[in-house]
Protein chains: 2
Amino acid sequence: MEPFTQKEIHLVNRPEGMPSKEDFEFREKELSSLQENEVLLKTLYLSVDPYMRGRMKDVKSYIAPFQLNEAITGGVLAEVIESRSASFKQGDIVTANLNWAEYNVANEHSVRKVDPSVAPITTTLGILGLTGLTAYFGLLDIGQPQPGETVVVSGAAGAVGSVVGQIAKIKGTKVVGIAGSDEKIDYLLNELGFDAAVNYKKDSFKEDLEKALPNGVDVYFDNVGGDVSDAVIEQLNNQARISLCGSISSYNTEGEDIGPRMQWKFIKTSSMMKGFTLGDYAQDFPTGAVQLAKWLAEGKLKYEETIVDGFENTPEAFFGLFKGTNIGKQLVKVAEPEFAKL
Amino acid sequence: MEPFTQKEIHLVNRPEGMPSKEDFEFREKELSSLQENEVLLKTLYLSVDPYMRGRMKDVKSYIAPFQLNEAITGGVLAEVIESRSASFKQGDIVTANLNWAEYNVANEHSVRKVDPSVAPITTTLGILGLTGLTAYFGLLDIGQPQPGETVVVSGAAGAVGSVVGQIAKIKGTKVVGIAGSDEKIDYLLNELGFDAAVNYKKDSFKEDLEKALPNGVDVYFDNVGGDVSDAVIEQLNNQARISLCGSISSYNTEGEDIGPRMQWKFIKTSSMMKGFTLGDYAQDFPTGAVQLAKWLAEGKLKYEETIVDGFENTPEAFFGLFKGTNIGKQLVKVAEPEFAKL
């Protein structure tokens with residue numbers, strides 16, 4: 001391969017509040033020749049995820065902050081264009097945590113092959129990837145849903161939430177979803193088979209939620225935090241479990257996120273809440289992945305993708321996560337494969 | 001026994017904010033003759049406990065509210081004066097949940113005999129009773145302290161907190177107590193052997209706490225809630241556990257108790273918090289009681305009692321819990337026994 005120039009997306013400002021176009025810059029970068037055991041990868045799809053907002057802040061967290069004036073990294077689905085690795089050949093489809101770039105050069109140990117015969121390749125970034133595993137472990141390990149119990153999930157029409165609700169149904173629970181548009185409510189009720197769904201943007205949200213919960217809440221899978229979660233916590237049953245996956249309502253908040261203290265409610269009901277990040281379950285990934293693939297093959301899990309076309313629209317796709325424009329997994333389609341037939 | 005008249009303490013107003021004398025009234029009540037299987041009990045000691053404040057509110061909780069114009073009930077240590085039960089004889093010492101009264105008539109099934117040869121009888125209301133069991137199960141089951149970890153306990157010089165810290169020491173952890181006076185700090189450090197102790201009433205509390213926690217917090221046993229807990233939560237380590245026992249800072253608060261939302265902190269650290277009430281562990285009481293008695297006999301547990309003399313001072317003793325005037329278990333001495341030699 002000859003060295004060539006391509007574009008990647010750099011973080012150039014640390015966003016304050018809602019991120020904007022000015023926080024990102026498309027910059028040209030030359031990729032040099034492949035070294036031994038490296039592959040040249042053409043980006044087909046990028047995953048944009050709410051957790052990435054946290055990495056744009058310069059604070060200590062479970063994952064290091066993005067560096068200014070360097071490429072943002074995230075989940076990428078790519079095609080091998082050229083290979084100096086015995087493990088990969090031209091036309092192979094792979095996934096990895098890579099630069100938001102049109103092309104990446106990567107070591108063979110940092111990428112994982114994707115079998116396009118199992119399911120559409122984009123599921124690797126969604127229901128069969130980190131998204132699905134997040135739903136699987138967060139719900140089953142922390143929530144421990146039992147048949148007949150009521151499971152509430154916020155961000156229910158999102159990538160993780162939609163999988164959580166479906167797994168909860170598989171486990172024989174009554175599932176109540178919380179989402180932010182009539183279209184999403186319709187999707188939850190009529191596509192995914194949720195037992196009830198409540199629109200948190202309506203003035204009647206608290207009353208609607210209470211009506212949807214005649215038997216209270218046994219398990220709450222929380223993607224959003226904030227006022228929505230305050231309302232769910234008021235309805236906790238005895239020995240309820242809250243799985244804290246995300247707090248998207250606060251990601252763009254400057255200053256302190258203030259709300260009712262919840263300790264007394266937890267004491268009165270002997271309830272539990274636990275935060276997690278997917279890394280906590282790294283050793284169990286294979287178990288979760290096999291189960292998710294089985295459910296998908298059996299038709300027990302459905303998924304939706306919201307795909308934005310064009311690398312240049314990546315920042316907009318990311319902003320959309322906070323505006324709630326996506327149903328299911330939000331992806332960016334960057335290019336068609338050159339060699340693979342999918 | 002001839003019917004006779006004695007005094008009991010009624011709740012006559014539901015307190016708003018800090019309870020006051022006007023919320024209680026000493027009223028005369030006639031006790032009628034004993035029925036089959038009943039005993040006449042003379043109150044020797046009363047237990048006053050923070051959780052009773054919750055029962056003074058007319059709200060649904062894990063335990064029913066006290067009724068207005070009826071006697072308050074709580075932990076009582078009493079002497080059998082007269083018995084129509086084959087299980088009890090005059091001079092026996094018993095404990096039960098009874099009226100705050102000079103005398104009670106009780107069915108034999110509702111009282112439990114106390115063996116005065118095991119330990120001073122007042123330990124039945126404290127370290128060997130519900131107080132000790134609360135510390136035991138809340139720390140060990142929820143906190144799961146491991147050798148070398150850092151355990152923080154708030155309300156550390158109180159009845160429950162002082163036992164929690166000592167059990168945490170037995171388990172090989174580093175123990176940091178939070179209390180509200182120099183006298184209490186001294187007690188924790190020099191009597192109970194805590195590794196560090198911090199006075200939350202000092203302006204430098206947050207800095208002092210941070211200094212006392214060079215390795216962060218692995219387990220937090222929370223008796224107080226509020227600002228103190230906010231400060232501890234900032235220092236949580238990865239996979240930290242919070243055992244929620246009480247929230248005394250909020251018991252006299254009218255209106256909403258507002259503070260920083262904590263979900264994001266729990267996600268970042270994969271931390272857990274769980275509330276409990278002692279009833280959750282009813283099946284395991286014998287195990288806990290045996291272990292506490294063993295540690296006490298071995299000299300591994302110490303305890304302190306703050307004893308107010310005189311039935312008429314019961315309300316003041318109760319108020320003292322919220323002013324932090326007690327070290328260790330707060331009791332009221334009501335009378336000397338008539339028959340038992342202790």
# chains A, B, ... in the order shown; residues from 1 in each chain; ligands from 1
>>> interface_residues(of="chain B", to="chain A", cutoff="10 Å", atoms="only C-alpha atoms", output="PyMOL selection string")
chain B and resi 54+60-63+142+222+224-226+229-230+238-248+250-251+256-280
>>> select_by_dssp(residues="range 1-158 of chain B", states="helix (DSSP H, G or I)", output="JSON, numbers by chain")
{"B": [21, 22, 23, 51, 52, 53, 54, 55, 108, 109, 110, 121, 122, 123, 124, 125, 130, 131, 132, 133, 134, 135, 136, 137, 138, 139, 140, 141, 142, 143]}
>>> select_by_dssp(residues="range 241-296 of chain B", states="strand (DSSP E or B)", output="list in words")
Arg241, Ile242, Ser243, Leu244, Ile258, Gly259, Pro260, Met272, Met273, Lys274 and Gly275 of chain B
>>> residues_around(residues="range 13-20 of chain B", least_positions_apart="4", cutoff="12 Å", atoms="only C-alpha atoms", output="ChimeraX atom specification")
/B:24-25,50,52-59,65-70,72,248-255,314-323
>>> write_last_selection(atoms="N, CA, C and O atoms", output="short mmCIF file (atom, residue, chain, number, x, y, z; two decimals), in the first residue's frame")
data_model
loop_
_atom_site.label_atom_id
_atom_site.label_comp_id
_atom_site.auth_asym_id
_atom_site.auth_seq_id
_atom_site.Cartn_x
_atom_site.Cartn_y
_atom_site.Cartn_z
N PHE B 24 -46.40 15.01 73.08
CA PHE B 24 -46.56 13.85 73.95
C PHE B 24 -47.40 14.23 75.18
O PHE B 24 -47.36 15.36 75.64
N GLU B 25 -48.11 13.26 75.71
CA GLU B 25 -48.83 13.51 76.95
C GLU B 25 -48.76 12.27 77.83
O GLU B 25 -48.90 11.15 77.35
N PRO B 50 -34.10 6.14 66.88
CA PRO B 50 -34.39 7.08 65.80
C PRO B 50 -35.53 6.63 64.89
O PRO B 50 -36.31 7.45 64.41
N MET B 52 -38.26 5.49 65.48
CA MET B 52 -39.58 5.80 66.03
C MET B 52 -40.11 7.13 65.49
O MET B 52 -41.32 7.35 65.43
N ARG B 53 -39.18 8.01 65.11
CA ARG B 53 -39.62 9.29 64.52
C ARG B 53 -40.44 9.03 63.27
O ARG B 53 -41.44 9.71 63.02
N GLY B 54 -40.04 8.06 62.48
CA GLY B 54 -40.78 7.71 61.27
C GLY B 54 -42.20 7.26 61.57
O GLY B 54 -43.14 7.58 60.84
N ARG B 55 -42.36 6.55 62.67
CA ARG B 55 -43.69 6.05 63.03
C ARG B 55 -44.62 7.16 63.53
O ARG B 55 -45.81 6.95 63.69
N MET B 56 -44.05 8.32 63.80
CA MET B 56 -44.88 9.45 64.25
C MET B 56 -45.52 10.18 63.06
O MET B 56 -46.37 11.04 63.25
N LYS B 57 -45.06 9.84 61.84
CA LYS B 57 -45.67 10.42 60.64
C LYS B 57 -46.78 9.50 60.17
O LYS B 57 -46.69 8.28 60.27
N ASP B 58 -47.82 10.10 59.61
CA ASP B 58 -48.93 9.30 59.14
C ASP B 58 -48.70 8.92 57.68
O ASP B 58 -49.45 9.33 56.79
N VAL B 59 -47.64 8.18 57.41
CA VAL B 59 -47.36 7.77 56.03
C VAL B 59 -47.06 6.27 56.01
O VAL B 59 -46.62 5.69 57.00
N PRO B 65 -47.78 3.50 61.26
CA PRO B 65 -47.61 4.70 62.08
C PRO B 65 -48.20 4.50 63.48
O PRO B 65 -49.12 3.71 63.66
N PHE B 66 -47.64 5.22 64.46
CA PHE B 66 -48.29 5.29 65.78
C PHE B 66 -49.64 5.96 65.61
O PHE B 66 -49.81 6.87 64.80
N GLN B 67 -50.63 5.53 66.40
CA GLN B 67 -51.93 6.17 66.37
C GLN B 67 -51.95 7.33 67.36
O GLN B 67 -51.36 7.24 68.44
N LEU B 68 -52.62 8.40 66.99
CA LEU B 68 -52.76 9.54 67.91
C LEU B 68 -53.61 9.12 69.09
O LEU B 68 -54.55 8.34 68.96
N ASN B 69 -53.27 9.67 70.25
CA ASN B 69 -54.02 9.41 71.49
C ASN B 69 -54.00 7.94 71.91
O ASN B 69 -54.92 7.45 72.56
N GLU B 70 -52.95 7.28 71.49
CA GLU B 70 -52.68 5.94 72.02
C GLU B 70 -51.23 5.93 72.48
O GLU B 70 -50.43 6.80 72.14
N ILE B 72 -47.40 5.18 72.78
CA ILE B 72 -46.27 4.84 71.91
C ILE B 72 -45.74 3.49 72.37
O ILE B 72 -45.76 3.17 73.56
N ILE B 248 -31.14 9.79 59.56
CA ILE B 248 -31.62 10.60 60.68
C ILE B 248 -31.60 12.09 60.35
O ILE B 248 -32.43 12.85 60.87
N SER B 249 -30.72 12.51 59.44
CA SER B 249 -30.65 13.93 59.10
C SER B 249 -31.95 14.41 58.47
O SER B 249 -32.25 15.60 58.48
N SER B 250 -32.72 13.49 57.91
CA SER B 250 -33.94 13.90 57.21
C SER B 250 -35.22 13.64 58.00
O SER B 250 -36.29 14.05 57.58
N TYR B 251 -35.12 12.98 59.14
CA TYR B 251 -36.35 12.55 59.82
C TYR B 251 -37.20 13.72 60.28
O TYR B 251 -38.42 13.61 60.37
N ASN B 252 -36.56 14.83 60.61
CA ASN B 252 -37.31 15.99 61.07
C ASN B 252 -37.45 17.06 59.99
O ASN B 252 -37.88 18.17 60.27
N THR B 253 -37.06 16.71 58.76
CA THR B 253 -37.16 17.66 57.66
C THR B 253 -38.58 17.71 57.14
O THR B 253 -39.18 16.68 56.87
N GLU B 254 -39.12 18.91 57.03
CA GLU B 254 -40.40 19.06 56.35
C GLU B 254 -40.11 19.38 54.90
O GLU B 254 -39.14 20.04 54.57
N GLY B 255 -40.96 18.91 54.01
CA GLY B 255 -40.74 19.15 52.58
C GLY B 255 -39.69 18.21 52.05
O GLY B 255 -39.25 17.27 52.73
N THR B 314 -38.60 10.56 79.45
CA THR B 314 -38.55 9.78 78.20
C THR B 314 -38.58 10.67 76.95
O THR B 314 -37.75 10.48 76.04
N PRO B 315 -39.52 11.63 76.86
CA PRO B 315 -39.51 12.47 75.65
C PRO B 315 -38.16 13.18 75.45
O PRO B 315 -37.62 13.19 74.33
N GLU B 316 -37.59 13.72 76.52
CA GLU B 316 -36.28 14.40 76.41
C GLU B 316 -35.21 13.45 75.89
O GLU B 316 -34.36 13.83 75.08
N ALA B 317 -35.24 12.22 76.38
CA ALA B 317 -34.25 11.23 75.92
C ALA B 317 -34.41 10.98 74.43
O ALA B 317 -33.43 10.86 73.68
N PHE B 318 -35.66 10.94 73.99
CA PHE B 318 -35.95 10.73 72.57
C PHE B 318 -35.45 11.92 71.74
O PHE B 318 -34.76 11.75 70.72
N PHE B 319 -35.74 13.13 72.20
CA PHE B 319 -35.28 14.33 71.47
C PHE B 319 -33.76 14.33 71.34
O PHE B 319 -33.20 14.77 70.35
N GLY B 320 -33.11 13.84 72.38
CA GLY B 320 -31.64 13.84 72.41
C GLY B 320 -31.03 13.09 71.24
O GLY B 320 -29.93 13.42 70.77
N LEU B 321 -31.73 12.08 70.74
CA LEU B 321 -31.22 11.31 69.60
C LEU B 321 -30.94 12.22 68.41
O LEU B 321 -30.00 12.00 67.65
N PHE B 322 -31.80 13.23 68.24
CA PHE B 322 -31.69 14.10 67.07
C PHE B 322 -30.74 15.27 67.33
O PHE B 322 -30.31 15.95 66.41
N LYS B 323 -30.47 15.49 68.61
CA LYS B 323 -29.49 16.52 68.96
C LYS B 323 -28.11 15.89 69.10
O LYS B 323 -27.11 16.60 69.28
#
>>> atom_distance(atom1="CA of Asn97 in chain A", atom2="CA of Val76 in chain A")
6.0 Å
>>> atom_distance(atom1="CA of Ala212 in chain A", atom2="CA of Asp141 in chain A")
25.0 Å
>>> atom_distance(atom1="CA of Val39 in chain B", atom2="CA of Ile121 in chain B")
19.1 Å
>>> residues_around(residues="range 159-164 of chain A", least_positions_apart="4", cutoff="6 Å", atoms="only C-alpha atoms", output="ChimeraX atom specification")
/A:131,135,155,328-329
>>> write_last_selection(atoms="N, CA, C and O atoms", output="mmCIF file, in the first residue's frame")
data_model
loop_
_atom_site.group_PDB
_atom_site.id
_atom_site.type_symbol
_atom_site.label_atom_id
_atom_site.label_comp_id
_atom_site.auth_asym_id
_atom_site.auth_seq_id
_atom_site.Cartn_x
_atom_site.Cartn_y
_atom_site.Cartn_z
ATOM 1 N N THR A 131 -23.830 -3.305 22.806
ATOM 2 C CA THR A 131 -25.181 -2.848 23.139
ATOM 3 C C THR A 131 -26.010 -3.985 23.750
ATOM 4 O O THR A 131 -26.616 -3.847 24.809
ATOM 5 N N ALA A 135 -27.333 -4.698 27.785
ATOM 6 C CA ALA A 135 -28.700 -5.005 28.195
ATOM 7 C C ALA A 135 -28.751 -6.334 28.947
ATOM 8 O O ALA A 135 -29.381 -6.451 30.011
ATOM 9 N N GLY A 155 -35.412 5.106 28.543
ATOM 10 C CA GLY A 155 -34.701 5.075 27.259
ATOM 11 C C GLY A 155 -35.090 3.806 26.523
ATOM 12 O O GLY A 155 -34.274 3.155 25.877
ATOM 13 N N GLY A 328 -33.895 2.494 18.405
ATOM 14 C CA GLY A 328 -32.913 1.416 18.356
ATOM 15 C C GLY A 328 -31.506 1.971 18.208
ATOM 16 O O GLY A 328 -31.212 3.094 18.622
ATOM 17 N N LYS A 329 -30.662 1.210 17.571
ATOM 18 C CA LYS A 329 -29.245 1.542 17.492
ATOM 19 C C LYS A 329 -28.977 2.657 16.480
ATOM 20 O O LYS A 329 -29.418 2.578 15.330
#
>>> residues_around(residues="range 189-194 of chain B", least_positions_apart="4", cutoff="7 Å", atoms="only C-alpha atoms", output="mmCIF file with N, CA and C atoms, in the first residue's frame")
data_model
loop_
_atom_site.group_PDB
_atom_site.id
_atom_site.type_symbol
_atom_site.label_atom_id
_atom_site.label_comp_id
_atom_site.auth_asym_id
_atom_site.auth_seq_id
_atom_site.Cartn_x
_atom_site.Cartn_y
_atom_site.Cartn_z
ATOM 1 N N GLY B 165 -18.723 -0.306 63.566
ATOM 2 C CA GLY B 165 -17.283 -0.052 63.468
ATOM 3 C C GLY B 165 -16.459 -1.154 64.109
ATOM 4 N N GLN B 166 -16.933 -1.651 65.223
ATOM 5 C CA GLN B 166 -16.183 -2.705 65.907
ATOM 6 C C GLN B 166 -16.234 -4.028 65.144
ATOM 7 N N VAL B 175 -11.255 1.291 59.643
ATOM 8 C CA VAL B 175 -12.562 1.868 59.956
ATOM 9 C C VAL B 175 -12.469 3.368 60.212
ATOM 10 N N VAL B 176 -13.289 4.113 59.504
ATOM 11 C CA VAL B 176 -13.351 5.569 59.666
ATOM 12 C C VAL B 176 -14.761 5.937 60.129
ATOM 13 N N GLY B 177 -14.845 6.583 61.299
ATOM 14 C CA GLY B 177 -16.140 6.964 61.849
ATOM 15 C C GLY B 177 -16.435 8.436 61.618
ATOM 16 N N ILE B 185 -15.634 11.787 68.952
ATOM 17 C CA ILE B 185 -14.440 11.460 68.171
ATOM 18 C C ILE B 185 -13.420 10.772 69.074
#
>>> closest_residue(among="A:Arg112, A:Lys29, A:Ala168, A:Glu312", to="Phe137 in chain A", atoms="only C-alpha atoms")
A:Ala168
>>> residues_around(residues="range 80-85 of chain B", least_positions_apart="5", cutoff="9 Å", atoms="only C-alpha atoms", output="list in words")
Met1, Leu34, Gln35, Glu36, Asn37, Glu38, Val39, Leu40, Leu41, Lys42, Gln90, Gly91, Asp92, Ile93, Val94, Asn107, Glu108, Glu338, Phe339 and Ala340 of chain B
>>> residues_around(residues="Lys333 in chain A", least_positions_apart="3", cutoff="8 Å", atoms="only C-alpha atoms", output="ChimeraX atom specification")
/A:44-46,307-311
>>> closest_residue(among="A:Ala106, A:Ile9, A:Ala119, A:Ile127", to="Tyr303 in chain A", atoms="only C-alpha atoms")
A:Ile127
